[in-house]
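Q: So that we are looking at the same thing, I have put the structure below in structure tokens.
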Amino acid sequence: MTRLAVSVVGALVAIALTIGFASTASATPAESPAPIAAASEPTPHATEIERCLALGDTIEIRTAIGAAIGAVLGGIVGLPVFFIGAIPGAIIGGLLGVFIGSTSYAIDAAHLQQQGLC
């Protein structure tokens, strides 16, 4: 009896979610957006960003190194939960490594700019 009750409740929840998130189409056409006025000033072009750090020190390198180290450490930490835990551990560790790598680059570049060294 409990299995039947759980199945019925699950079916009702699935139907409610499907109906609740279903998109509805409107028969009336949408109004066209107002025309955008042309900019009176020309669009500025991108300029070369001043490099403060060493020539080979880029955000891509720091991010990749952080992701690799984070994935390895996350995979090792997840191993005690069998091999199933190593996969999410590697993914989470890699993401954290990306954040740490890119943030360390931004912090180093900002410190050099504040010190007037670039």
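Chain labels A, B, ... are given in the sequence in which chains occur in the structure tokens; within each chain residues are numbered consecutively from 1, and ligands are likewise numbered from 1 in the order shown.
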Using only C-alpha atoms, determine which residues lie at most 12 Å from Ser104 (chain A), disregarding the query and same-chain residues fewer than 6 positions distant; provide the list as a PyMOL selection string.
A: chain A and resi 53+57-63+65-66+97-98+110-111
Q: Would you export the selected residues with C-alpha atoms as a PDB file, in the first residue's frame, please?
A:
ATOM      1  CA  LEU A  53      53.293  40.941 -14.421  1.00  0.00           C
ATOM      2  CA  ASP A  57      52.507  35.106 -16.357  1.00  0.00           C
ATOM      3  CA  THR A  58      48.974  35.142 -17.764  1.00  0.00           C
ATOM      4  CA  ILE A  59      45.567  34.545 -16.232  1.00  0.00           C
ATOM      5  CA  GLU A  60      45.135  31.488 -18.478  1.00  0.00           C
ATOM      6  CA  ILE A  61      48.288  29.853 -17.131  1.00  0.00           C
ATOM      7  CA  ARG A  62      47.376  30.515 -13.496  1.00  0.00           C
ATOM      8  CA  THR A  63      43.828  29.295 -14.060  1.00  0.00           C
ATOM      9  CA  ILE A  65      47.541  25.336 -13.099  1.00  0.00           C
ATOM     10  CA  GLY A  66      44.981  26.002 -10.365  1.00  0.00           C
ATOM     11  CA  GLY A  97      41.396  25.826  -8.408  1.00  0.00           C
ATOM     12  CA  VAL A  98      40.147  27.939 -11.311  1.00  0.00           C
ATOM     13  CA  ALA A 110      46.223  45.105  -8.638  1.00  0.00           C
ATOM     14  CA  HIS A 111      49.042  45.191  -6.062  1.00  0.00           C
TER      15      HIS A 111
END
Q: Calculated over only C-alpha atoms, which of the candidates A:Ala11, A:Val77, A:Leu95, A:Ala90 has the smallest distance to Ala64 (chain A)?
A: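 Ranked by minimum distance to Ala64 (chain A), first place goes to A:Leu95.
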Q: What is the distance between CA of Ala109 (chain A) and CA of Ala54 (chain A), in Å to one decimal?
A: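 About the pair CA of Ala109 (chain A) and CA of Ala54 (chain A): they are 10.2 Å apart.
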Q: Which of these, A:Leu4, A:Ala71, A:Val9, A:Leu55, has the shortest distance to Gly94 (chain A) once you count only C-alpha atoms?
A: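 Going through A:Leu4, A:Ala71, A:Val9, A:Leu55 one by one, the smallest distance to Gly94 (chain A) is for A:Ala71.
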